[in-house]
>>> print(open('structure.cif').read())   # mmCIF, C-alpha atoms and all ligand atoms
data_data
loop_
_atom_site.label_atom_id
_atom_site.label_comp_id
_atom_site.auth_asym_id
_atom_site.auth_seq_id
_atom_site.Cartn_x
_atom_site.Cartn_y
_atom_site.Cartn_z
CA MET T 1 -2.10 -253.11 -150.11
CA THR T 2 -4.29 -254.72 -152.79
CA THR T 3 -5.21 -252.69 -155.79
CA ALA T 4 -6.70 -253.17 -159.23
CA LYS T 5 -4.45 -250.51 -160.71
CA LYS T 6 -2.19 -251.58 -163.56
CA PHE T 7 1.19 -250.25 -164.60
CA LEU T 8 0.81 -248.18 -167.75
CA THR T 9 4.35 -249.00 -168.90
CA GLU T 10 3.54 -252.72 -169.10
CA THR T 11 0.07 -252.39 -170.64
CA SER T 12 -0.13 -253.82 -174.17
CA SER T 13 -1.44 -251.77 -177.11
CA ASP T 14 -4.54 -254.01 -177.22
CA ASP T 15 -5.31 -253.54 -173.52
CA LEU T 16 -4.74 -249.80 -173.80
CA ALA T 17 -7.05 -249.65 -176.84
CA ALA T 18 -9.74 -251.55 -174.91
CA TRP T 19 -9.40 -249.17 -171.95
CA LEU T 20 -9.70 -246.14 -174.27
CA ARG T 21 -12.82 -247.62 -175.89
CA ASP T 22 -14.33 -248.04 -172.43
CA LYS T 23 -13.64 -244.38 -171.70
CA GLY T 24 -15.18 -243.33 -175.03
CA GLU T 25 -11.83 -242.04 -176.29
CA PRO T 26 -10.72 -242.34 -179.93
CA ALA T 27 -8.36 -245.20 -180.81
CA PHE T 28 -5.54 -242.92 -182.01
CA ARG T 29 -4.92 -241.89 -178.40
CA ALA T 30 -3.27 -245.30 -177.80
CA LYS T 31 -0.60 -244.46 -180.35
CA GLN T 32 -0.08 -241.02 -178.81
CA ILE T 33 0.26 -242.41 -175.30
CA ARG T 34 2.70 -245.10 -176.41
CA GLU T 35 4.75 -242.53 -178.32
CA TRP T 36 5.08 -240.46 -175.18
CA ILE T 37 6.34 -243.45 -173.21
CA PHE T 38 8.48 -245.34 -175.68
CA GLN T 39 9.81 -242.57 -177.91
CA LYS T 40 9.73 -239.44 -175.78
CA LEU T 41 10.41 -241.32 -172.51
CA VAL T 42 7.77 -239.31 -170.65
CA PHE T 43 7.25 -240.55 -167.17
CA SER T 44 3.85 -239.21 -166.10
CA PRO T 45 0.48 -238.26 -167.60
CA ASP T 46 1.16 -234.59 -166.72
CA GLY T 47 3.89 -234.50 -169.36
CA MET T 48 1.68 -235.88 -172.14
CA LYS T 49 0.88 -232.49 -173.55
CA ASN T 50 -1.30 -233.46 -176.52
CA LEU T 51 -3.78 -235.40 -174.39
CA PRO T 52 -6.90 -233.68 -173.04
CA ALA T 53 -6.75 -232.97 -169.31
CA LYS T 54 -9.70 -235.30 -168.69
CA LEU T 55 -7.88 -238.22 -170.30
CA ARG T 56 -4.68 -237.50 -168.39
CA GLN T 57 -6.66 -237.49 -165.19
CA ALA T 58 -8.34 -240.79 -166.09
CA LEU T 59 -4.93 -242.33 -166.83
CA ALA T 60 -3.61 -241.20 -163.48
CA GLU T 61 -6.66 -242.66 -161.74
CA ASP T 62 -6.68 -246.05 -163.43
CA PHE T 63 -2.98 -246.70 -163.85
CA PHE T 64 0.19 -246.46 -161.87
CA PHE T 65 1.99 -243.88 -163.93
CA PRO T 66 4.26 -243.08 -162.42
CA SER T 67 4.11 -245.74 -159.75
CA CYS T 68 7.29 -244.54 -158.10
CA SER T 69 9.23 -241.39 -157.32
CA VAL T 70 12.86 -240.55 -156.71
CA ALA T 71 13.24 -240.57 -152.92
CA GLU T 72 16.99 -240.08 -152.73
CA ARG T 73 19.77 -239.11 -155.10
CA ALA T 74 23.42 -239.85 -154.32
CA ALA T 75 25.93 -238.38 -156.76
CA SER T 76 29.53 -239.51 -156.59
CA GLY T 77 30.97 -236.25 -157.87
CA ARG T 78 33.87 -236.69 -160.24
CA ASP T 79 32.72 -239.46 -162.54
CA GLY T 80 29.08 -238.40 -162.92
CA VAL T 81 27.72 -241.65 -161.46
CA VAL T 82 24.36 -241.12 -159.76
CA LYS T 83 22.50 -243.59 -157.61
CA LEU T 84 18.76 -243.14 -157.26
CA ARG T 85 16.53 -244.68 -154.63
CA LEU T 86 13.02 -245.06 -155.97
CA ALA T 87 10.11 -245.11 -153.54
CA LEU T 88 7.57 -247.65 -154.82
CA HIS T 89 3.79 -247.33 -154.52
CA ASP T 90 3.63 -249.58 -151.45
CA GLY T 91 6.32 -247.85 -149.41
CA GLU T 92 9.12 -250.22 -150.43
CA SER T 93 12.14 -249.00 -152.34
CA VAL T 94 14.77 -250.12 -154.84
CA GLU T 95 17.89 -248.60 -156.34
CA LEU T 96 19.20 -247.89 -159.78
CA VAL T 97 22.51 -246.45 -160.87
CA VAL T 98 23.16 -244.13 -163.81
CA ILE T 99 26.71 -244.58 -165.12
CA PRO T 100 27.93 -242.21 -167.84
CA ALA T 101 31.12 -243.16 -169.69
CA GLN T 102 32.43 -241.37 -172.78
CA ASP T 103 29.46 -241.09 -175.11
CA ARG T 104 27.39 -243.84 -173.50
CA VAL T 105 25.15 -244.12 -170.49
CA THR T 106 24.66 -247.44 -168.70
CA LEU T 107 21.87 -248.12 -166.23
CA CYS T 108 22.14 -250.67 -163.45
CA LEU T 109 18.60 -251.80 -162.57
CA SER T 110 17.00 -253.79 -159.74
CA THR T 111 14.66 -256.73 -160.29
CA GLN T 112 13.35 -257.46 -156.78
CA VAL T 113 12.82 -255.73 -153.44
CA GLY T 114 15.47 -257.55 -151.41
CA CYS T 115 16.83 -260.88 -152.61
CA PRO T 116 16.15 -264.48 -151.57
CA VAL T 117 19.63 -265.77 -152.45
CA GLY T 118 21.24 -264.00 -149.51
CA CYS T 119 24.91 -263.99 -150.55
CA ARG T 120 26.74 -263.34 -147.31
CA PHE T 121 28.61 -260.26 -148.53
CA CYS T 122 25.67 -258.51 -150.16
CA ALA T 123 23.54 -255.73 -148.63
CA SER T 124 20.63 -256.54 -151.00
CA GLY T 125 20.07 -260.02 -149.67
CA ALA T 126 20.69 -259.35 -145.98
CA ASN T 127 16.99 -259.50 -145.06
CA GLY T 128 15.72 -261.87 -147.72
CA LEU T 129 13.10 -261.19 -150.37
CA VAL T 130 10.33 -258.68 -149.71
CA ARG T 131 8.65 -258.97 -153.12
CA ASN T 132 9.23 -259.23 -156.83
CA LEU T 133 9.14 -256.10 -158.95
CA HIS T 134 6.44 -255.88 -161.60
CA ALA T 135 7.58 -255.47 -165.19
CA GLY T 136 6.06 -251.98 -165.13
CA GLU T 137 8.19 -251.01 -162.14
CA MET T 138 11.40 -252.15 -163.84
CA LEU T 139 10.40 -250.21 -166.96
CA GLU T 140 9.86 -247.15 -164.78
CA GLU T 141 13.36 -247.64 -163.37
CA PHE T 142 14.57 -247.43 -166.96
CA LEU T 143 12.54 -244.26 -167.55
CA ALA T 144 13.76 -242.71 -164.29
CA GLY T 145 17.35 -243.45 -165.31
CA CYS T 146 16.80 -241.87 -168.73
CA ALA T 147 15.21 -238.81 -167.07
CA GLU T 148 18.24 -238.47 -164.80
CA ALA T 149 20.64 -238.87 -167.75
CA GLY T 150 18.57 -236.49 -169.90
CA ARG T 151 18.56 -238.98 -172.76
CA LYS T 152 17.74 -242.52 -173.74
CA CYS T 153 20.33 -244.76 -172.12
CA ASP T 154 22.46 -247.09 -174.21
CA ASN T 155 23.17 -250.10 -172.02
CA ILE T 156 21.36 -251.86 -169.22
CA VAL T 157 22.80 -254.23 -166.66
CA PHE T 158 20.43 -256.04 -164.32
CA MET T 159 22.94 -255.91 -161.48
CA GLY T 160 21.02 -253.91 -158.90
CA ILE T 161 18.98 -255.40 -156.09
CA GLY T 162 17.62 -258.89 -156.61
CA GLU T 163 18.08 -262.09 -158.59
CA GLY T 164 16.30 -261.34 -161.85
CA LEU T 165 16.08 -264.96 -162.97
CA LEU T 166 13.98 -265.72 -159.87
CA ASN T 167 11.49 -263.13 -161.14
CA PHE T 168 11.67 -264.55 -164.62
CA ASP T 169 8.21 -263.88 -166.05
CA GLU T 170 8.30 -260.19 -165.18
CA LEU T 171 11.91 -259.85 -166.32
CA ALA T 172 11.02 -261.54 -169.63
CA LYS T 173 8.24 -258.97 -170.19
CA VAL T 174 10.73 -256.19 -169.51
CA LEU T 175 13.32 -257.66 -171.89
CA ASP T 176 10.65 -257.92 -174.55
CA THR T 177 9.49 -254.31 -174.10
CA LEU T 178 13.05 -253.00 -174.04
CA THR T 179 13.93 -254.71 -177.31
CA SER T 180 10.71 -254.74 -179.33
CA PRO T 181 10.16 -252.14 -182.09
CA GLU T 182 6.87 -251.17 -180.41
CA GLY T 183 8.79 -250.70 -177.17
CA PHE T 184 12.21 -249.12 -176.61
CA SER T 185 13.88 -250.80 -179.65
CA MET T 186 17.13 -251.58 -177.83
CA SER T 187 19.57 -254.20 -179.05
CA PRO T 188 19.53 -257.32 -176.82
CA ARG T 189 23.32 -257.24 -176.92
CA ARG T 190 23.23 -254.04 -174.90
CA ILE T 191 21.33 -255.69 -172.08
CA THR T 192 23.13 -257.82 -169.49
CA VAL T 193 21.33 -260.19 -167.16
CA SER T 194 23.44 -261.05 -164.13
CA THR T 195 22.66 -264.16 -162.10
CA SER T 196 24.06 -265.79 -159.00
CA GLY T 197 23.80 -269.03 -160.97
CA TYR T 198 20.11 -269.93 -160.83
CA VAL T 199 20.28 -272.82 -163.29
CA PRO T 200 16.58 -273.17 -164.22
CA GLY T 201 16.50 -269.43 -164.97
CA ILE T 202 19.54 -269.60 -167.27
CA GLY T 203 17.68 -272.31 -169.21
CA LYS T 204 14.59 -270.12 -169.51
CA LEU T 205 16.66 -267.16 -170.65
CA ALA T 206 18.18 -269.35 -173.37
CA GLN T 207 14.68 -270.30 -174.53
CA LEU T 208 13.94 -266.65 -175.29
CA GLY T 209 16.37 -267.17 -178.18
CA LYS T 210 17.76 -263.61 -178.08
CA GLU T 211 21.30 -262.27 -177.81
CA PHE T 212 21.11 -260.91 -174.28
CA THR T 213 24.46 -260.79 -172.51
CA LEU T 214 24.74 -263.23 -169.62
CA ALA T 215 26.89 -262.59 -166.54
CA VAL T 216 27.33 -265.35 -163.96
CA SER T 217 28.35 -264.34 -160.45
CA LEU T 218 30.73 -267.19 -159.70
CA HIS T 219 32.91 -265.73 -156.92
CA ALA T 220 34.83 -268.99 -156.51
CA PRO T 221 36.57 -271.57 -158.71
CA ASP T 222 35.36 -274.48 -156.54
CA ASP T 223 32.19 -275.40 -154.65
CA ALA T 224 33.88 -275.56 -151.24
CA THR T 225 34.89 -271.89 -151.46
CA ARG T 226 31.53 -270.90 -152.95
CA GLU T 227 29.74 -272.47 -149.98
CA LYS T 228 31.39 -269.91 -147.71
CA ILE T 229 29.90 -267.08 -149.75
CA ILE T 230 26.43 -268.21 -150.88
CA PRO T 231 23.99 -270.05 -148.60
CA ASP T 232 22.80 -273.56 -149.56
CA LYS T 233 19.18 -272.71 -150.29
CA LEU T 234 19.58 -271.34 -153.82
CA ARG T 235 23.17 -272.30 -154.58
CA TYR T 236 23.78 -274.67 -157.52
CA PRO T 237 26.95 -276.68 -158.14
CA ILE T 238 29.49 -274.86 -160.34
CA ASP T 239 29.44 -277.68 -162.93
CA GLU T 240 25.70 -277.34 -163.42
CA ILE T 241 25.87 -273.56 -163.60
CA LEU T 242 28.58 -273.59 -166.25
CA GLU T 243 26.82 -276.32 -168.24
CA ALA T 244 23.71 -274.13 -168.35
CA ALA T 245 25.81 -271.06 -169.22
CA ASP T 246 27.56 -272.99 -172.02
CA ALA T 247 24.18 -274.01 -173.41
CA TYR T 248 23.16 -270.34 -173.26
CA ARG T 249 26.34 -269.36 -175.11
CA ASP T 250 25.78 -271.98 -177.81
CA ARG T 251 22.15 -270.97 -178.26
CA SER T 252 22.69 -267.19 -178.23
CA GLY T 253 26.12 -267.09 -179.83
CA ARG T 254 27.28 -264.77 -177.05
CA LEU T 255 30.24 -265.44 -174.80
CA TYR T 256 29.36 -264.99 -171.15
CA THR T 257 31.16 -263.26 -168.29
CA LEU T 258 32.10 -264.67 -164.91
CA GLU T 259 31.70 -262.04 -162.19
CA TYR T 260 34.08 -262.54 -159.29
CA THR T 261 33.71 -260.40 -156.17
CA LEU T 262 37.09 -260.43 -154.44
CA LEU T 263 36.87 -261.11 -150.70
CA ALA T 264 40.00 -261.00 -148.53
CA GLY T 265 41.17 -264.39 -147.30
CA ILE T 266 38.22 -266.17 -148.90
CA ASN T 267 38.69 -266.27 -152.68
CA ASP T 268 41.77 -264.11 -153.37
CA SER T 269 44.73 -266.54 -153.31
CA PRO T 270 47.08 -267.05 -156.30
CA GLU T 271 45.96 -270.72 -156.50
CA GLN T 272 42.35 -269.65 -156.75
CA ALA T 273 43.30 -267.12 -159.42
CA GLU T 274 44.94 -269.83 -161.48
CA ALA T 275 42.02 -272.22 -161.03
CA LEU T 276 39.61 -269.45 -162.04
CA GLY T 277 41.64 -268.65 -165.15
CA ARG T 278 41.71 -272.30 -166.21
CA LEU T 279 37.99 -272.69 -165.63
CA ALA T 280 37.26 -269.60 -167.71
CA LEU T 281 39.49 -270.84 -170.56
CA ARG T 282 37.71 -274.20 -170.61
CA HIS T 283 34.39 -272.42 -170.96
CA ARG T 284 35.59 -269.59 -173.21
CA ALA T 285 34.27 -267.15 -170.63
CA LYS T 286 35.55 -263.67 -169.79
CA ILE T 287 36.26 -262.77 -166.18
CA ASN T 288 35.27 -259.53 -164.48
CA LEU T 289 36.87 -258.97 -161.07
CA ILE T 290 34.91 -256.82 -158.62
CA PRO T 291 36.88 -255.67 -155.56
CA TYR T 292 34.46 -255.96 -152.65
CA ASN T 293 32.68 -252.79 -151.51
CA GLU T 294 32.40 -253.28 -147.78
CA THR T 295 28.81 -253.18 -146.58
CA GLY T 296 29.06 -254.01 -142.90
CA SER T 297 29.27 -257.77 -143.49
CA ALA T 298 32.06 -259.91 -142.00
CA PHE T 299 33.93 -259.84 -145.34
CA ARG T 300 36.71 -257.44 -146.26
CA ARG T 301 38.10 -256.10 -149.53
CA PRO T 302 41.57 -257.49 -150.28
CA ARG T 303 44.53 -255.11 -150.18
CA ARG T 304 45.30 -253.33 -153.44
CA ASP T 305 48.48 -255.38 -154.09
CA VAL T 306 46.59 -258.64 -153.49
CA ILE T 307 43.97 -257.58 -156.04
CA GLU T 308 46.68 -256.71 -158.55
CA GLU T 309 48.49 -260.02 -158.02
CA PHE T 310 45.22 -261.90 -158.38
CA GLU T 311 44.48 -260.19 -161.67
CA LYS T 312 47.99 -260.93 -162.96
CA ALA T 313 47.74 -264.59 -161.96
CA VAL T 314 44.43 -264.93 -163.82
CA ALA T 315 45.83 -263.19 -166.89
CA ALA T 316 48.90 -265.46 -166.81
CA THR T 317 46.66 -268.44 -167.62
CA GLY T 318 45.68 -266.71 -170.86
CA ALA T 319 42.11 -266.00 -169.75
CA ALA T 320 40.50 -262.65 -170.62
CA VAL T 321 40.18 -260.66 -167.41
CA THR T 322 39.01 -257.14 -166.59
CA ARG T 323 38.52 -255.34 -163.32
CA ARG T 324 35.34 -253.40 -162.59
CA VAL T 325 36.10 -249.71 -162.71
CA GLU T 326 35.60 -248.29 -159.26
CA ARG T 327 32.67 -245.93 -159.42
CA GLY T 328 30.05 -244.47 -157.18
CA ALA T 329 30.23 -242.54 -153.95
CA LYS T 330 32.06 -244.70 -151.47
CA SER T 331 29.39 -245.00 -148.82
CA THR T 332 26.76 -246.01 -151.33
CA ALA T 333 28.78 -247.84 -153.98
CA ALA T 334 27.53 -251.38 -153.43
CA CYS T 335 24.10 -252.33 -154.60
CA GLY T 336 21.45 -252.38 -151.91
CA GLN T 337 23.15 -249.91 -149.61
CA LEU T 338 20.84 -246.93 -150.06
CA ARG T 339 17.83 -249.16 -149.57
CA ALA T 340 19.40 -250.85 -146.54
CA ARG T 341 20.09 -247.46 -144.97
CA ALA T 342 16.53 -246.26 -145.64
CA GLU T 343 15.13 -249.46 -144.12
CA ARG T 344 17.23 -248.92 -140.98
CA LYS T 345 15.85 -245.38 -140.70
CA LYS T 346 12.29 -246.73 -140.96
CA GLU T 347 12.92 -248.77 -137.82
CA PHE T 348 13.30 -245.66 -135.67
N1 LIG T 401 21.66 -261.22 -158.16
C1 LIG T 401 22.44 -261.04 -159.32
C2 LIG T 401 22.49 -259.60 -159.81
C3 LIG T 401 22.60 -258.55 -158.76
S1 LIG T 401 24.15 -258.51 -157.88
C4 LIG T 401 23.84 -261.58 -159.10
O1 LIG T 401 24.18 -261.93 -157.99
O2 LIG T 401 24.55 -261.68 -160.09
C5 LIG T 401 25.24 -257.94 -159.17
C6 LIG T 401 26.70 -258.14 -158.87
O3 LIG T 401 27.12 -257.25 -157.83
C7 LIG T 401 27.04 -259.54 -158.41
O4 LIG T 401 28.12 -260.04 -159.15
C8 LIG T 401 27.41 -259.34 -156.96
O5 LIG T 401 28.33 -260.28 -156.55
C9 LIG T 401 27.95 -257.95 -156.94
N2 LIG T 401 27.92 -257.32 -155.62
C10 LIG T 401 26.87 -257.24 -154.78
N3 LIG T 401 27.22 -256.59 -153.65
C11 LIG T 401 28.52 -256.27 -153.78
C12 LIG T 401 29.47 -255.59 -152.96
N4 LIG T 401 29.13 -255.13 -151.77
N5 LIG T 401 30.71 -255.44 -153.44
C13 LIG T 401 31.06 -255.91 -154.65
N6 LIG T 401 30.23 -256.56 -155.46
C14 LIG T 401 28.97 -256.74 -155.05
FE1 LIG T 402 21.07 -261.51 -154.38
FE2 LIG T 402 22.94 -261.01 -156.23
FE3 LIG T 402 23.09 -259.90 -153.75
FE4 LIG T 402 23.51 -262.52 -154.08
S1 LIG T 402 24.75 -260.85 -154.92
S2 LIG T 402 22.24 -261.56 -152.49
S3 LIG T 402 22.08 -263.01 -155.68
S4 LIG T 402 21.54 -259.51 -155.29
#
>>> encode(input="structure.cif", output="structure tokens")
Amino acid sequence: MTTAKKFLTETSSDDLAAWLRDKGEPAFRAKQIREWIFQKLVFSPDGMKNLPAKLRQALAEDFFFPSCSVAERAASGRDGVVKLRLALHDGESVELVVIPAQDRVTLCLSTQVGCPVGCRFCASGANGLVRNLHAGEMLEEFLAGCAEAGRKCDNIVFMGIGEGLLNFDELAKVLDTLTSPEGFSMSPRRITVSTSGYVPGIGKLAQLGKEFTLAVSLHAPDDATREKIIPDKLRYPIDEILEAADAYRDRSGRLYTLEYTLLAGINDSPEQAEALGRLALRHRAKINLIPYNETGSAFRRPRRDVIEEFEKAVAATGAAVTRRVERGAKSTAACGQLRARAERKKEF
């Protein structure tokens, strides 16, 4: 579907002012519209109560706002975690997760429809990349998450569907809007960009010169093990990834995290734990262990005692290690699963 419509959430003040001039509307409307979006987190022209109906209608005609709607909502019950599947304007969909904890709410956002990296354990990459998300769509994910939480969310992790650094220009616009005073005024430190180790993208992120938190999905302490998990096409050597991540750390002043999805019989031995710990110490990185959420791939989650032993063996090296708190309804816990299920339904 080709369309000239733009996403209101990613339209600059200047462009909005020019559009209003065209429509014969006064300039102060730009400020009002931006206040609705960036301060009051209002998601559609219908909610912008101080705008005349005619202007709201014109906005809805000329812009995608909203461009998406909540198509499915999966609540996990006890811990308040909610996963939303957003239907996009072209019939595709992505997922976001709203994660409340104590007095904070974290959002886990998607950056692409599908993923070209195709890690063999991951539901998001199983059928490759469908398309990149526009900046405006990612900003609407943020707004949808805030609407679900009933408040402005505190932290964002780009750990949903997709490899954000392969959609760098759009992601950079989003990061700018999230952190700028004319946008959502968030601290860059509260925003984590997770990457499977796309080296050129880590370099570009460093060039932004901001204190975003970087997470590198390493999954293996050596390249031979990593080869079993991530296909060749977009896999970089560990040395190069960590060199780029070190440069990011030195530029941003922020230590980075190594994400490590634990897969039974693949990367969960005590030797691998020790090697991982040593690697992390050398690079002053923190480790976050993620027990695998099974998604119908050939991989399995290690037994609980194996996971515990692995964590102990890493900690014994002196490296800082945490384990991802298990959250989310079981059947939909891993990223990409709601979308994968919806895509399967489409086939019938
Ligand atoms: N593409 C980026 C960000 C999205 S994936 C990346 O790979 O880092 C975010 C994290 O979720 C990654 O660390 C990934 O390994 C992990 N992940 C994906 N599917 C998973 C699953 N089924 N179980 C456990 N972790 C998973
Ligand atoms: Fe893509 Fe990340 Fe899933 Fe790998 S783990 S396929 S990079 S979304």
>>> axis_aligned_box(input="structure.cif", around="ligand LIG 401 (chain T)", padding_each_side="5 Å", output="lines of an AutoDock Vina configuration file")
center_x = 26.4
center_y = -258.5
center_z = -155.9
size_x = 19.4
size_y = 16.8
size_z = 18.3
>>> residues_around(input="structure.cif", residues="T:Asn288", least_positions_apart="5", cutoff="8 Å", atoms="all atoms listed in the file", output="PDB file with C-alpha atoms, in the coordinates of the input")
ATOM      1  CA  THR T 257      31.160-263.260-168.290  1.00  0.00           C
ATOM      2  CA  LEU T 258      32.100-264.670-164.910  1.00  0.00           C
ATOM      3  CA  GLU T 259      31.700-262.040-162.190  1.00  0.00           C
ATOM      4  CA  TYR T 260      34.080-262.540-159.290  1.00  0.00           C
ATOM      5  CA  VAL T 321      40.180-260.660-167.410  1.00  0.00           C
ATOM      6  CA  THR T 322      39.010-257.140-166.590  1.00  0.00           C
ATOM      7  CA  ARG T 323      38.520-255.340-163.320  1.00  0.00           C
ATOM      8  CA  ARG T 324      35.340-253.400-162.590  1.00  0.00           C
TER       9      ARG T 324
END
>>> closest_atom_pairs(input="structure.cif", of="chain T", to="ligand LIG 402 (chain T)", cutoff="7 Å", atoms="only C-alpha atoms and all ligand atoms", output="Markdown table")
| residue | atom | partner | partner_atom | distance |
| --- | --- | --- | --- | --- |
| T:Cys115 | CA | T:LIG402 | FE1 | 4.6 |
| T:Pro116 | CA | T:LIG402 | FE1 | 6.4 |
| T:Val117 | CA | T:LIG402 | FE1 | 4.9 |
| T:Gly118 | CA | T:LIG402 | S2 | 4.0 |
| T:Cys119 | CA | T:LIG402 | FE4 | 4.1 |
| T:Cys122 | CA | T:LIG402 | FE3 | 4.6 |
| T:Ala123 | CA | T:LIG402 | FE3 | 6.6 |
| T:Ser124 | CA | T:LIG402 | FE3 | 5.0 |
| T:Gly125 | CA | T:LIG402 | S2 | 3.9 |
| T:Gly160 | CA | T:LIG402 | S4 | 6.7 |
| T:Ile161 | CA | T:LIG402 | S4 | 4.9 |
| T:Gly162 | CA | T:LIG402 | S4 | 4.2 |
| T:Glu163 | CA | T:LIG402 | S3 | 5.0 |
| T:Thr195 | CA | T:LIG402 | S3 | 6.5 |
| T:Ser196 | CA | T:LIG402 | S3 | 4.8 |
>>> residues_around(input="structure.cif", residues="T:Tyr292", least_positions_apart="4", cutoff="8 Å", atoms="all atoms listed in the file", output="list in words")
Thr261, Leu262, Leu263, Arg300, Arg301 and Pro302 of chain T
>>> closest_residue(input="structure.cif", among="T:Ser44, T:Asn267, T:Gln207, T:Ser76", to="T:Ala220", atoms="all atoms listed in the file")
T:Asn267
>>> closest_residue(input="structure.cif", among="T:Gly24, T:Gly128, T:Pro291, T:Gly253", to="ligand LIG 401 (chain T)", atoms="all atoms listed in the file")
T:Pro291
>>> residues_around(input="structure.cif", residues="T:Lys204", least_positions_apart="5", cutoff="10 Å", atoms="all atoms listed in the file", output="list in words")
Leu165, Phe168, Asp169, Ala172, Val199, Gly209 and Tyr248 of chain T
>>> residues_around(input="structure.cif", residues="T:Pro237", least_positions_apart="5", cutoff="10 Å", atoms="only C-alpha atoms", output="PyMOL selection string")
chain T and resi 197-199+222-224+226-227+242
>>> write_last_selection(input="structure.cif", atoms="C-alpha atoms", output="PDB file, in the frame of the given file")
ATOM      1  CA  GLY T 197      23.800-269.030-160.970  1.00  0.00           C
ATOM      2  CA  TYR T 198      20.110-269.930-160.830  1.00  0.00           C
ATOM      3  CA  VAL T 199      20.280-272.820-163.290  1.00  0.00           C
ATOM      4  CA  ASP T 222      35.360-274.480-156.540  1.00  0.00           C
ATOM      5  CA  ASP T 223      32.190-275.400-154.650  1.00  0.00           C
ATOM      6  CA  ALA T 224      33.880-275.560-151.240  1.00  0.00           C
ATOM      7  CA  ARG T 226      31.530-270.900-152.950  1.00  0.00           C
ATOM      8  CA  GLU T 227      29.740-272.470-149.980  1.00  0.00           C
ATOM      9  CA  LEU T 242      28.580-273.590-166.250  1.00  0.00           C
TER      10      LEU T 242
END
>>> closest_residue(input="structure.cif", among="T:Arg249, T:Lys233, T:His219, T:Lys312", to="ligand LIG 401 (chain T)", atoms="only C-alpha atoms and all ligand atoms")
T:His219
>>> closest_residue(input="structure.cif", among="T:Val98, T:Ala244, T:Leu289, T:Cys153", to="ligand LIG 401 (chain T)", atoms="only C-alpha atoms and all ligand atoms")
T:Leu289
>>> closest_residue(input="structure.cif", among="T:Leu276, T:Leu109, T:Ile266, T:Leu143", to="ligand LIG 401 (chain T)", atoms="only C-alpha atoms and all ligand atoms")
T:Leu109
>>> atom_distance(input="structure.cif", atom1="atom CA of T:Thr225", atom2="atom CA of T:Arg120")
12.5 Å
>>> closest_residue(input="structure.cif", among="T:Ala298, T:Ala245, T:Leu171, T:Ile156", to="T:Pro188", atoms="only C-alpha atoms")
T:Ile156
>>> atom_distance(input="structure.cif", atom1="atom CA of T:Ser67", atom2="atom N5 of ligand LIG 401 (chain T)")
29.0 Å
>>> residues_around(input="structure.cif", residues="T:Ala74", least_positions_apart="6", cutoff="7 Å", atoms="all atoms listed in the file", output="PyMOL selection string")
chain T and resi 82-84
>>> decode(input="structure.cif", residues="stretch 34-59 of chain T", atoms="C-alpha atoms", output="mmCIF file, in the first residue's frame")
data_model
loop_
_atom_site.group_PDB
_atom_site.id
_atom_site.type_symbol
_atom_site.label_atom_id
_atom_site.label_comp_id
_atom_site.auth_asym_id
_atom_site.auth_seq_id
_atom_site.Cartn_x
_atom_site.Cartn_y
_atom_site.Cartn_z
ATOM 1 C CA ARG T 34 2.342 18.902 20.396
ATOM 2 C CA GLU T 35 1.280 19.399 24.014
ATOM 3 C CA TRP T 36 -1.414 16.793 23.575
ATOM 4 C CA ILE T 37 1.071 14.288 22.200
ATOM 5 C CA PHE T 38 4.209 14.908 24.206
ATOM 6 C CA GLN T 39 2.838 16.087 27.541
ATOM 7 C CA LYS T 40 -0.637 14.610 27.781
ATOM 8 C CA LEU T 41 0.279 11.455 25.800
ATOM 9 C CA VAL T 42 -2.941 11.622 23.784
ATOM 10 C CA PHE T 43 -3.060 9.047 21.094
ATOM 11 C CA SER T 44 -5.681 10.256 18.614
ATOM 12 C CA PRO T 45 -7.177 13.513 17.293
ATOM 13 C CA ASP T 46 -10.506 12.617 18.963
ATOM 14 C CA GLY T 47 -8.907 13.155 22.366
ATOM 15 C CA MET T 48 -7.545 16.611 21.528
ATOM 16 C CA LYS T 49 -10.417 18.423 23.139
ATOM 17 C CA ASN T 50 -9.354 22.045 22.604
ATOM 18 C CA LEU T 51 -9.061 21.660 18.822
ATOM 19 C CA PRO T 52 -12.026 22.500 16.587
ATOM 20 C CA ALA T 53 -13.742 19.447 15.123
ATOM 21 C CA LYS T 54 -12.799 20.540 11.600
ATOM 22 C CA LEU T 55 -9.103 20.597 12.474
ATOM 23 C CA ARG T 56 -9.291 17.217 14.199
ATOM 24 C CA GLN T 57 -10.905 15.799 11.115
ATOM 25 C CA ALA T 58 -8.223 17.312 8.868
ATOM 26 C CA LEU T 59 -5.517 15.813 11.103
#
